[in-house]
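Coordinates from start.cif are shown below (mmCIF, C-alpha atoms).
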```cif
data_data
#
loop_
_atom_site.group_PDB
_atom_site.id
_atom_site.type_symbol
_atom_site.label_atom_id
_atom_site.label_comp_id
_atom_site.auth_asym_id
_atom_site.auth_seq_id
_atom_site.Cartn_x
_atom_site.Cartn_y
_atom_site.Cartn_z
ATOM 1 C CA MET A 1 107.724 127.527 161.457
ATOM 2 C CA GLY A 2 107.491 129.178 164.815
ATOM 3 C CA LEU A 3 109.526 130.178 167.781
ATOM 4 C CA ASP A 4 110.372 127.372 170.207
ATOM 5 C CA ILE A 5 111.202 127.496 173.896
ATOM 6 C CA ASN A 6 113.591 125.130 175.639
ATOM 7 C CA ILE A 7 115.164 125.005 179.060
ATOM 8 C CA GLY A 8 118.883 125.589 179.308
ATOM 9 C CA ALA A 9 120.901 124.169 182.199
ATOM 10 C CA ASP A 10 124.336 124.667 183.702
ATOM 11 C CA ASN A 11 125.097 121.005 182.922
ATOM 12 C CA PHE A 12 123.272 120.854 179.585
ATOM 13 C CA GLU A 13 125.690 118.413 177.932
ATOM 14 C CA GLU A 14 125.359 115.994 180.835
ATOM 15 C CA LEU A 15 121.560 116.129 180.716
ATOM 16 C CA HIS A 16 121.412 115.686 176.980
ATOM 17 C CA ALA A 17 123.754 112.718 176.719
ATOM 18 C CA ALA A 18 123.244 110.199 173.915
ATOM 19 C CA ASP A 19 120.451 108.340 175.728
ATOM 20 C CA TYR A 20 118.392 111.520 176.179
ATOM 21 C CA ASN A 21 117.076 111.250 172.627
ATOM 22 C CA ASP A 22 116.472 107.489 172.874
ATOM 23 C CA GLU A 23 112.801 106.959 171.984
ATOM 24 C CA LYS A 24 112.289 104.464 174.817
ATOM 25 C CA ASN A 25 112.888 107.249 177.359
ATOM 26 C CA ASP A 26 110.506 109.618 175.521
ATOM 27 C CA TYR A 27 112.180 112.600 177.213
ATOM 28 C CA PHE A 28 111.465 114.807 174.221
ATOM 29 C CA ASN A 29 107.707 114.494 174.732
ATOM 30 C CA ARG A 30 107.863 114.275 178.531
ATOM 31 C CA HIS A 31 110.004 117.420 178.878
ATOM 32 C CA GLY A 32 109.052 119.459 175.817
ATOM 33 C CA LEU A 33 107.281 122.788 176.114
ATOM 34 C CA SER A 34 104.842 123.709 173.368
ATOM 35 C CA ARG A 35 105.071 126.681 171.058
ATOM 36 C CA THR A 36 101.956 127.951 172.782
ATOM 37 C CA PHE A 37 103.903 128.004 176.063
ATOM 38 C CA CYS A 38 106.599 129.948 174.234
ATOM 39 C CA ASN A 39 103.995 132.478 173.080
ATOM 40 C CA PHE A 40 102.505 132.501 176.591
ATOM 41 C CA MET A 41 105.867 133.464 178.108
ATOM 42 C CA PHE A 42 106.496 136.036 175.399
ATOM 43 C CA ARG A 43 103.135 137.772 176.014
ATOM 44 C CA GLN A 44 104.761 140.014 178.637
ATOM 45 C CA HIS A 45 106.518 141.776 175.761
ATOM 46 C CA VAL A 46 103.511 142.193 173.451
ATOM 47 C CA ALA A 47 100.248 142.096 175.434
ATOM 48 C CA ARG A 48 98.376 145.383 175.601
ATOM 49 C CA ASN A 49 96.716 144.335 178.824
ATOM 50 C CA GLU A 50 98.008 142.337 181.780
ATOM 51 C CA PRO A 51 99.820 139.240 180.427
ATOM 52 C CA GLU A 52 98.203 135.898 181.219
ATOM 53 C CA LEU A 53 101.098 134.765 183.415
ATOM 54 C CA ASP A 54 100.695 137.891 185.552
ATOM 55 C CA GLN A 55 96.946 137.242 185.788
ATOM 56 C CA ILE A 56 97.600 133.648 186.814
ATOM 57 C CA GLY A 57 100.148 134.745 189.412
ATOM 58 C CA ARG A 58 97.649 137.198 190.889
ATOM 59 C CA MET A 59 94.793 134.667 190.748
ATOM 60 C CA THR A 60 96.800 131.912 192.481
ATOM 61 C CA GLY A 61 98.921 134.074 194.778
ATOM 62 C CA VAL A 62 102.077 132.513 193.283
ATOM 63 C CA ASP A 63 105.100 134.746 192.688
ATOM 64 C CA ILE A 64 105.877 134.185 189.006
ATOM 65 C CA THR A 65 109.047 136.319 189.026
ATOM 66 C CA PRO A 66 111.366 133.256 188.894
ATOM 67 C CA LEU A 67 109.835 132.337 185.505
ATOM 68 C CA TYR A 68 110.334 135.817 184.080
ATOM 69 C CA ASP A 69 113.875 135.847 185.471
ATOM 70 C CA MET A 70 114.658 132.750 183.387
ATOM 71 C CA GLU A 71 114.347 134.929 180.269
ATOM 72 C CA LYS A 72 117.209 137.184 181.338
ATOM 73 C CA TYR A 73 120.024 134.695 180.747
ATOM 74 C CA LEU A 74 121.780 135.472 177.489
ATOM 75 C CA ASP A 75 123.717 132.808 175.616
ATOM 76 C CA GLU A 76 126.863 133.761 173.719
ATOM 77 C CA ASP A 77 125.070 134.691 170.487
ATOM 78 C CA SER A 78 122.456 136.790 172.269
ATOM 79 C CA ALA A 79 125.136 138.504 174.341
ATOM 80 C CA GLU A 80 127.083 139.366 171.172
ATOM 81 C CA HIS A 81 123.903 140.770 169.648
ATOM 82 C CA GLN A 82 123.340 143.005 172.699
ATOM 83 C CA LEU A 83 126.972 144.096 172.610
ATOM 84 C CA SER A 84 126.630 145.119 168.969
ATOM 85 C CA PHE A 85 124.437 148.043 170.066
ATOM 86 C CA ALA A 86 127.156 149.494 172.287
ATOM 87 C CA THR A 87 128.693 152.555 170.651
ATOM 88 C CA ASN A 88 131.717 152.885 172.914
ATOM 89 C CA GLU A 89 133.743 150.979 175.488
ATOM 90 C CA LYS A 90 131.752 152.360 178.434
ATOM 91 C CA GLU A 91 128.443 151.130 176.966
ATOM 92 C CA ARG A 92 130.040 147.795 176.122
ATOM 93 C CA GLU A 93 131.169 147.405 179.718
ATOM 94 C CA GLU A 94 127.700 148.351 180.998
ATOM 95 C CA VAL A 95 126.125 145.688 178.777
ATOM 96 C CA LEU A 96 128.654 143.085 179.925
ATOM 97 C CA ASN A 97 128.019 143.997 183.573
ATOM 98 C CA ARG A 98 124.235 143.712 183.110
ATOM 99 C CA ILE A 99 124.607 140.329 181.380
ATOM 100 C CA GLN A 100 126.826 139.050 184.183
ATOM 101 C CA ALA A 101 124.503 140.414 186.885
ATOM 102 C CA ASP A 102 121.541 138.634 185.264
ATOM 103 C CA LYS A 103 123.507 135.369 185.130
ATOM 104 C CA ASP A 104 124.599 135.776 188.750
ATOM 105 C CA ASN A 105 120.977 136.424 189.765
ATOM 106 C CA LEU A 106 119.945 133.072 188.285
ATOM 107 C CA LYS A 107 122.656 130.974 189.934
ATOM 108 C CA GLY A 108 121.138 128.125 191.901
ATOM 109 C CA ASN A 109 117.570 128.951 190.808
ATOM 110 C CA ILE A 110 116.331 125.394 190.121
ATOM 111 C CA ASP A 111 114.778 124.991 193.578
ATOM 112 C CA ILE A 112 112.816 128.257 193.439
ATOM 113 C CA VAL A 113 111.628 127.528 189.896
ATOM 114 C CA LEU A 114 110.535 124.009 190.900
ATOM 115 C CA LYS A 115 108.729 125.469 193.924
ATOM 116 C CA THR A 116 107.000 127.996 191.637
ATOM 117 C CA ILE A 117 105.916 125.343 189.111
ATOM 118 C CA ASN A 118 104.648 123.042 191.885
ATOM 119 C CA ALA A 119 102.666 125.899 193.451
ATOM 120 C CA LEU A 120 101.131 126.802 190.092
ATOM 121 C CA ILE A 121 100.172 123.193 189.377
ATOM 122 C CA GLN A 122 98.662 122.766 192.836
ATOM 123 C CA SER A 123 96.641 125.977 192.618
ATOM 124 C CA LEU A 124 95.557 125.716 188.993
ATOM 125 C CA SER A 125 94.455 122.093 189.332
ATOM 126 C CA LYS A 126 91.639 123.385 191.562
ATOM 127 C CA ILE A 127 90.429 126.128 189.207
ATOM 128 C CA ASP A 128 87.656 125.266 186.785
ATOM 129 C CA ASN A 129 87.210 127.203 183.548
ATOM 130 C CA LEU A 130 90.573 128.968 183.662
ATOM 131 C CA ASP A 131 90.016 130.040 180.056
ATOM 132 C CA GLN A 132 86.982 132.068 181.165
ATOM 133 C CA LYS A 133 88.785 133.687 184.090
ATOM 134 C CA LEU A 134 91.624 135.100 181.989
ATOM 135 C CA ASP A 135 91.398 138.314 179.991
ATOM 136 C CA ASP A 136 93.001 138.122 176.563
ATOM 137 C CA GLY A 137 92.531 141.860 175.980
ATOM 138 C CA GLY A 138 90.645 141.084 172.792
ATOM 139 C CA GLU A 139 93.631 139.246 171.307
ATOM 140 C CA ASP A 140 93.376 135.492 171.877
ATOM 141 C CA THR A 141 96.661 134.532 170.275
ATOM 142 C CA LEU A 142 97.039 131.508 172.556
ATOM 143 C CA GLY A 143 93.850 129.595 171.728
ATOM 144 C CA TYR A 144 92.198 129.907 175.133
ATOM 145 C CA ASP A 145 89.470 127.353 174.335
ATOM 146 C CA PHE A 146 92.123 124.640 173.956
ATOM 147 C CA TYR A 147 95.215 125.753 175.850
ATOM 148 C CA PHE A 148 93.617 126.879 179.113
ATOM 149 C CA THR A 149 90.946 124.166 179.363
ATOM 150 C CA ASP A 150 91.093 120.706 180.956
ATOM 151 C CA PHE A 151 94.120 121.639 183.077
ATOM 152 C CA ASN A 152 94.213 118.241 184.798
ATOM 153 C CA ASN A 153 93.914 116.218 181.576
ATOM 154 C CA ASP A 154 96.532 115.580 178.924
ATOM 155 C CA LYS A 155 94.863 116.422 175.643
ATOM 156 C CA GLU A 156 97.288 115.097 173.066
ATOM 157 C CA GLU A 157 100.281 112.851 172.622
ATOM 158 C CA GLY A 158 103.536 114.711 172.161
ATOM 159 C CA TYR A 159 104.582 118.122 173.339
ATOM 160 C CA SER A 160 103.345 120.180 170.363
ATOM 161 C CA GLY A 161 99.673 119.816 171.293
ATOM 162 C CA ASN A 162 100.094 120.411 175.005
ATOM 163 C CA ASN A 163 97.579 122.353 176.989
ATOM 164 C CA PHE A 164 98.749 124.556 179.870
ATOM 165 C CA GLY A 165 98.502 121.730 182.407
ATOM 166 C CA GLN A 166 100.654 119.465 180.232
ATOM 167 C CA ASP A 167 103.240 122.192 179.706
ATOM 168 C CA LEU A 168 103.548 122.832 183.441
ATOM 169 C CA GLY A 169 103.699 119.066 184.044
ATOM 170 C CA ASN A 170 106.465 118.669 181.440
ATOM 171 C CA PHE A 171 108.302 121.627 182.955
ATOM 172 C CA LYS A 172 108.106 119.953 186.376
ATOM 173 C CA HIS A 173 109.284 116.590 184.989
ATOM 174 C CA PHE A 174 112.285 118.255 183.368
ATOM 175 C CA LEU A 175 113.187 120.129 186.559
ATOM 176 C CA GLU A 176 113.026 116.942 188.625
ATOM 177 C CA PHE A 177 115.057 115.055 186.000
ATOM 178 C CA ALA A 178 117.656 117.843 185.898
ATOM 179 C CA LYS A 179 117.876 118.253 189.658
ATOM 180 C CA GLU A 180 118.482 114.502 190.103
ATOM 181 C CA ARG A 181 121.427 114.897 187.731
ATOM 182 C CA GLY A 182 123.027 117.813 189.534
ATOM 183 C CA THR A 183 121.591 120.826 187.698
ATOM 184 C CA THR A 184 121.525 123.964 189.828
ATOM 185 C CA THR A 185 120.788 126.738 187.339
ATOM 186 C CA ILE A 186 118.229 126.855 184.526
ATOM 187 C CA TRP A 187 117.016 129.425 182.015
ATOM 188 C CA PHE A 188 114.876 129.705 178.892
ATOM 189 C CA ILE A 189 116.310 129.369 175.418
ATOM 190 C CA TYR A 190 114.280 130.768 172.550
ATOM 191 C CA GLY A 191 114.980 129.743 169.004
#
```

Here is the file; what I need is its structure written in the form of structure tokens.
Amino acid sequence: MGLDINIGADNFEELHAADYNDEKNDYFNRHGLSRTFCNFMFRQHVARNEPELDQIGRMTGVDITPLYDMEKYLDEDSAEHQLSFATNEKEREEVLNRIQADKDNLKGNIDIVLKTINALIQSLSKIDNLDQKLDDGGEDTLGYDFYFTDFNNDKEEGYSGNNFGQDLGNFKHFLEFAKERGTTTIWFIYG
């Protein structure tokens, strides 16, 4: 078992109608983000050195802030968990205000996230040996020799064996799919 990452949307139920899981559409594999991508996003919280996403942003000149911002949206359960740490009404209100401010900050973010993903794909598709240009700080928990190689080639069938190029491609496909169906706001869901 491991931690998964999914993309939440302001019209989630609409996007995930009954035909979404129909095998003929293959949305699960075409939109799924790997557990390695989940770990990649989470590195900002655990890396002793500069996280890989920050390195990639610097290397490509792409502002990766919209991706980090997607982590700030709290669902109901996560919000309740944060509220449980409040010791009085004032702290509770501060937590609620921060949660609402983070949600408000994300409103209408699909275009900026799609622009960010497209810019990353365009820039990274021209970089050879990305795995050798990144610094893992002595802790290669992502499997550099697989995940960051062959950016322009799909390595495996299905989302679980994605490399970084496949994950960004799946992310892009989901964003385009969602935007066509009226989605305006997206965020990450960990679970």

Legend entry - Selected residue, from A:Asn163, A:Asn25, A:Asn109, A:Asn129, that lies nearest to Met70 (chain A) when counting all atoms listed in the file: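 Nearest candidate to Met70 (chain A) out of A:Asn163, A:Asn25, A:Asn109, A:Asn129: A:Asn109.
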
Inset, instruction - Considering only C-alpha atoms, return as a list of chain:residue names whatever protein or nucleic-acid residues lie within 8 Å of Val95 (chain A), sequence-local ones (same chain, fewer than 2 positions apart) excluded. - result: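 Everything that qualifies: A:Gln82, A:Leu83, A:Ala86, A:Glu91, A:Arg92, A:Glu93, A:Asn97, A:Arg98, A:Ile99.
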
Take the residues just selected and output them with C-alpha atoms as a JSON list (two decimals), in the coordinates of the input.
```json
[["chain", "number", "residue", "atom", "x", "y", "z"],
["A", 82, "GLN", "CA", 123.34, 143.00, 172.70],
["A", 83, "LEU", "CA", 126.97, 144.10, 172.61],
["A", 86, "ALA", "CA", 127.16, 149.49, 172.29],
["A", 91, "GLU", "CA", 128.44, 151.13, 176.97],
["A", 92, "ARG", "CA", 130.04, 147.79, 176.12],
["A", 93, "GLU", "CA", 131.17, 147.40, 179.72],
["A", 97, "ASN", "CA", 128.02, 144.00, 183.57],
["A", 98, "ARG", "CA", 124.24, 143.71, 183.11],
["A", 99, "ILE", "CA", 124.61, 140.33, 181.38]]
```

Inset, instruction - Take CA of Leu67 (chain A) and CA of Phe85 (chain A) and report the distance between them in Å, one decimal. - result: 26.4 Å

Legend entry - Straight-line distance linking CA of Lys103 (chain A) with CA of Glu180 (chain A), stated in Å to one decimal: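 Separation between CA of Lys103 (chain A) and CA of Glu180 (chain A): 22.0 Å.
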
Legend entry - Residue with smallest distance to Pro66 (chain A) - pool A:Glu176, A:Asp111, A:Asp150, A:Asp104, counting all atoms listed in the file: A:Asp111

Inset, instruction - Could you tell me how far CA of Asp77 (chain A) lies from CA of Ile186 (chain A), in Å and to one decimal? - result: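 Computing the Euclidean distance for CA of Asp77 (chain A) and CA of Ile186 (chain A) yields 17.5 Å.
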
Inset, instruction - Check the smallest atom-to-atom distance from each of A:Asp75, A:Lys179, A:Thr36, A:Ile117 to Phe146 (chain A) using all atoms listed in the file, then report the winner. - result: A:Thr36

Inset, instruction - For the structure provided, state which residues fall under the PyMOL selection byres ((chain A and resi 123) around 10), and present them as a PyMOL selection string. - result: chain A and resi 56-57+59-62+117-122+124-127

Inset, instruction - Take the PyMOL selection byres ((chain A and resi 107) around 12), apply it to the structure above, and return the hits as a list of chain:residue names. - result: A:Ala9, A:Asp10, A:Pro66, A:Asp69, A:Met70, A:Lys72, A:Tyr73, A:Gln100, A:Ala101, A:Asp102, A:Lys103, A:Asp104, A:Asn105, A:Leu106, A:Gly108, A:Asn109, A:Ile110, A:Asp111, A:Ile112, A:Val113, A:Thr183, A:Thr184, A:Thr185, A:Ile186, A:Trp187

Inset, instruction - Starting from the displayed file, determine the output of the PyMOL selection byres ((chain A and resi 189) around 9) and express the residue list as a PyMOL selection string. - result: chain A and resi 4-8+70-71+73-75+187-188+190-191

Inset, instruction - Pick out the closest residue to Asn39 (chain A) from this set: A:Leu53, A:Leu130, A:Leu142, A:Leu114. Count only C-alpha atoms. - result: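 The shortest atom-to-atom distance to Asn39 (chain A) comes from A:Leu142.
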
Inset, instruction - Fewer than 6 positions away in the same chain doesn't count, so skip those; otherwise give me all residues within 12 Å of Gln132 (chain A), counting only C-alpha atoms, as a list in words. - result: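 My list of contacting residues is Glu52, Asp140, Gly143, Tyr144, Asp145, Phe146, Tyr147, Phe148 and Thr149 of chain A.
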
Legend entry - Residue among A:Thr116, A:Asn29, A:Asn88, A:Asn49 lying closest to Asp154 (chain A), counting all atoms listed in the file: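 Looking at the shortest contact to Asp154 (chain A), the residue is A:Asn29.
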
Legend entry - Who sits within 12 Å of Glu13 (chain A), only C-alpha atoms, same chain under 4 positions skipped, as a ChimeraX atom specification: /A:8-9,17-20,178,181-183

Inset, instruction - Have a look at A:Lys90, A:Arg30, A:Glu80, A:Pro51 and name the one nearest to Leu168 (chain A); count only C-alpha atoms. - result: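 Closest to Leu168 (chain A) of all the choices is A:Arg30.
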
Could you complete region 163-174 of chain A so that it carries all heavy atoms, and give it back as a PDB file, in the frame of the given file?
```pdb
ATOM      1  N   ASN A 163      98.325 121.266 176.385  1.00  0.00           N
ATOM      2  CA  ASN A 163      97.579 122.353 176.989  1.00  0.00           C
ATOM      3  C   ASN A 163      98.448 122.906 178.121  1.00  0.00           C
ATOM      4  O   ASN A 163      99.564 122.436 178.352  1.00  0.00           O
ATOM      5  CB  ASN A 163      96.187 121.900 177.453  1.00  0.00           C
ATOM      6  CG  ASN A 163      96.211 120.877 178.561  1.00  0.00           C
ATOM      7  OD1 ASN A 163      97.262 120.496 179.075  1.00  0.00           O
ATOM      8  ND2 ASN A 163      95.045 120.406 178.946  1.00  0.00           N
ATOM      9  N   PHE A 164      97.948 123.905 178.845  1.00  0.00           N
ATOM     10  CA  PHE A 164      98.749 124.556 179.870  1.00  0.00           C
ATOM     11  C   PHE A 164      99.134 123.587 180.988  1.00  0.00           C
ATOM     12  O   PHE A 164     100.269 123.598 181.475  1.00  0.00           O
ATOM     13  CB  PHE A 164      97.980 125.760 180.423  1.00  0.00           C
ATOM     14  CG  PHE A 164      98.785 126.652 181.314  1.00  0.00           C
ATOM     15  CD1 PHE A 164     100.047 127.088 180.951  1.00  0.00           C
ATOM     16  CD2 PHE A 164      98.274 127.076 182.525  1.00  0.00           C
ATOM     17  CE1 PHE A 164     100.786 127.937 181.765  1.00  0.00           C
ATOM     18  CE2 PHE A 164      99.003 127.918 183.352  1.00  0.00           C
ATOM     19  CZ  PHE A 164     100.255 128.349 182.974  1.00  0.00           C
ATOM     20  N   GLY A 165      98.212 122.719 181.372  1.00  0.00           N
ATOM     21  CA  GLY A 165      98.502 121.730 182.407  1.00  0.00           C
ATOM     22  C   GLY A 165      99.614 120.786 181.992  1.00  0.00           C
ATOM     23  O   GLY A 165     100.502 120.454 182.785  1.00  0.00           O
ATOM     24  N   GLN A 166      99.596 120.338 180.733  1.00  0.00           N
ATOM     25  CA  GLN A 166     100.654 119.465 180.232  1.00  0.00           C
ATOM     26  C   GLN A 166     101.992 120.191 180.198  1.00  0.00           C
ATOM     27  O   GLN A 166     103.022 119.610 180.556  1.00  0.00           O
ATOM     28  CB  GLN A 166     100.313 118.974 178.825  1.00  0.00           C
ATOM     29  CG  GLN A 166      99.260 117.885 178.790  1.00  0.00           C
ATOM     30  CD  GLN A 166      98.854 117.587 177.371  1.00  0.00           C
ATOM     31  OE1 GLN A 166      98.052 118.322 176.806  1.00  0.00           O
ATOM     32  NE2 GLN A 166      99.420 116.541 176.796  1.00  0.00           N
ATOM     33  N   ASP A 167     101.989 121.442 179.757  1.00  0.00           N
ATOM     34  CA  ASP A 167     103.240 122.192 179.706  1.00  0.00           C
ATOM     35  C   ASP A 167     103.836 122.347 181.101  1.00  0.00           C
ATOM     36  O   ASP A 167     105.039 122.134 181.293  1.00  0.00           O
ATOM     37  CB  ASP A 167     103.046 123.568 179.060  1.00  0.00           C
ATOM     38  CG  ASP A 167     103.165 123.522 177.544  1.00  0.00           C
ATOM     39  OD1 ASP A 167     103.880 122.639 177.012  1.00  0.00           O
ATOM     40  OD2 ASP A 167     102.547 124.376 176.878  1.00  0.00           O
ATOM     41  N   LEU A 168     103.020 122.705 182.080  1.00  0.00           N
ATOM     42  CA  LEU A 168     103.548 122.832 183.441  1.00  0.00           C
ATOM     43  C   LEU A 168     104.013 121.481 183.975  1.00  0.00           C
ATOM     44  O   LEU A 168     105.028 121.388 184.667  1.00  0.00           O
ATOM     45  CB  LEU A 168     102.514 123.458 184.377  1.00  0.00           C
ATOM     46  CG  LEU A 168     102.210 124.939 184.149  1.00  0.00           C
ATOM     47  CD1 LEU A 168     101.216 125.446 185.192  1.00  0.00           C
ATOM     48  CD2 LEU A 168     103.467 125.787 184.153  1.00  0.00           C
ATOM     49  N   GLY A 169     103.288 120.409 183.640  1.00  0.00           N
ATOM     50  CA  GLY A 169     103.699 119.066 184.044  1.00  0.00           C
ATOM     51  C   GLY A 169     105.026 118.673 183.411  1.00  0.00           C
ATOM     52  O   GLY A 169     105.907 118.120 184.079  1.00  0.00           O
ATOM     53  N   ASN A 170     105.201 118.955 182.118  1.00  0.00           N
ATOM     54  CA  ASN A 170     106.465 118.669 181.440  1.00  0.00           C
ATOM     55  C   ASN A 170     107.601 119.494 182.031  1.00  0.00           C
ATOM     56  O   ASN A 170     108.719 118.992 182.203  1.00  0.00           O
ATOM     57  CB  ASN A 170     106.353 118.953 179.941  1.00  0.00           C
ATOM     58  CG  ASN A 170     105.622 117.862 179.193  1.00  0.00           C
ATOM     59  OD1 ASN A 170     105.066 116.935 179.783  1.00  0.00           O
ATOM     60  ND2 ASN A 170     105.593 117.972 177.884  1.00  0.00           N
ATOM     61  N   PHE A 171     107.315 120.749 182.334  1.00  0.00           N
ATOM     62  CA  PHE A 171     108.302 121.627 182.955  1.00  0.00           C
ATOM     63  C   PHE A 171     108.753 121.006 184.279  1.00  0.00           C
ATOM     64  O   PHE A 171     109.952 120.883 184.554  1.00  0.00           O
ATOM     65  CB  PHE A 171     107.652 122.995 183.180  1.00  0.00           C
ATOM     66  CG  PHE A 171     108.581 124.148 183.379  1.00  0.00           C
ATOM     67  CD1 PHE A 171     108.133 125.430 183.124  1.00  0.00           C
ATOM     68  CD2 PHE A 171     109.879 124.000 183.824  1.00  0.00           C
ATOM     69  CE1 PHE A 171     108.949 126.534 183.309  1.00  0.00           C
ATOM     70  CE2 PHE A 171     110.713 125.095 184.015  1.00  0.00           C
ATOM     71  CZ  PHE A 171     110.239 126.366 183.752  1.00  0.00           C
ATOM     72  N   LYS A 172     107.796 120.574 185.084  1.00  0.00           N
ATOM     73  CA  LYS A 172     108.106 119.953 186.376  1.00  0.00           C
ATOM     74  C   LYS A 172     108.940 118.690 186.190  1.00  0.00           C
ATOM     75  O   LYS A 172     109.931 118.481 186.898  1.00  0.00           O
ATOM     76  CB  LYS A 172     106.813 119.628 187.118  1.00  0.00           C
ATOM     77  CG  LYS A 172     107.031 118.904 188.424  1.00  0.00           C
ATOM     78  CD  LYS A 172     105.718 118.537 189.085  1.00  0.00           C
ATOM     79  CE  LYS A 172     105.994 117.713 190.336  1.00  0.00           C
ATOM     80  NZ  LYS A 172     104.791 117.435 191.098  1.00  0.00           N
ATOM     81  N   HIS A 173     108.542 117.835 185.232  1.00  0.00           N
ATOM     82  CA  HIS A 173     109.284 116.590 184.989  1.00  0.00           C
ATOM     83  C   HIS A 173     110.726 116.885 184.596  1.00  0.00           C
ATOM     84  O   HIS A 173     111.654 116.206 185.046  1.00  0.00           O
ATOM     85  CB  HIS A 173     108.618 115.744 183.906  1.00  0.00           C
ATOM     86  CG  HIS A 173     107.274 115.231 184.300  1.00  0.00           C
ATOM     87  ND1 HIS A 173     106.259 115.070 183.391  1.00  0.00           N
ATOM     88  CD2 HIS A 173     106.765 114.880 185.495  1.00  0.00           C
ATOM     89  CE1 HIS A 173     105.180 114.629 184.021  1.00  0.00           C
ATOM     90  NE2 HIS A 173     105.473 114.505 185.301  1.00  0.00           N
ATOM     91  N   PHE A 174     110.915 117.909 183.750  1.00  0.00           N
ATOM     92  CA  PHE A 174     112.285 118.255 183.368  1.00  0.00           C
ATOM     93  C   PHE A 174     113.080 118.741 184.573  1.00  0.00           C
ATOM     94  O   PHE A 174     114.230 118.350 184.762  1.00  0.00           O
ATOM     95  CB  PHE A 174     112.320 119.319 182.266  1.00  0.00           C
ATOM     96  CG  PHE A 174     113.732 119.721 181.941  1.00  0.00           C
ATOM     97  CD1 PHE A 174     114.514 118.926 181.112  1.00  0.00           C
ATOM     98  CD2 PHE A 174     114.302 120.864 182.489  1.00  0.00           C
ATOM     99  CE1 PHE A 174     115.836 119.263 180.836  1.00  0.00           C
ATOM    100  CE2 PHE A 174     115.619 121.212 182.214  1.00  0.00           C
ATOM    101  CZ  PHE A 174     116.381 120.405 181.390  1.00  0.00           C
TER     102      PHE A 174
END
```
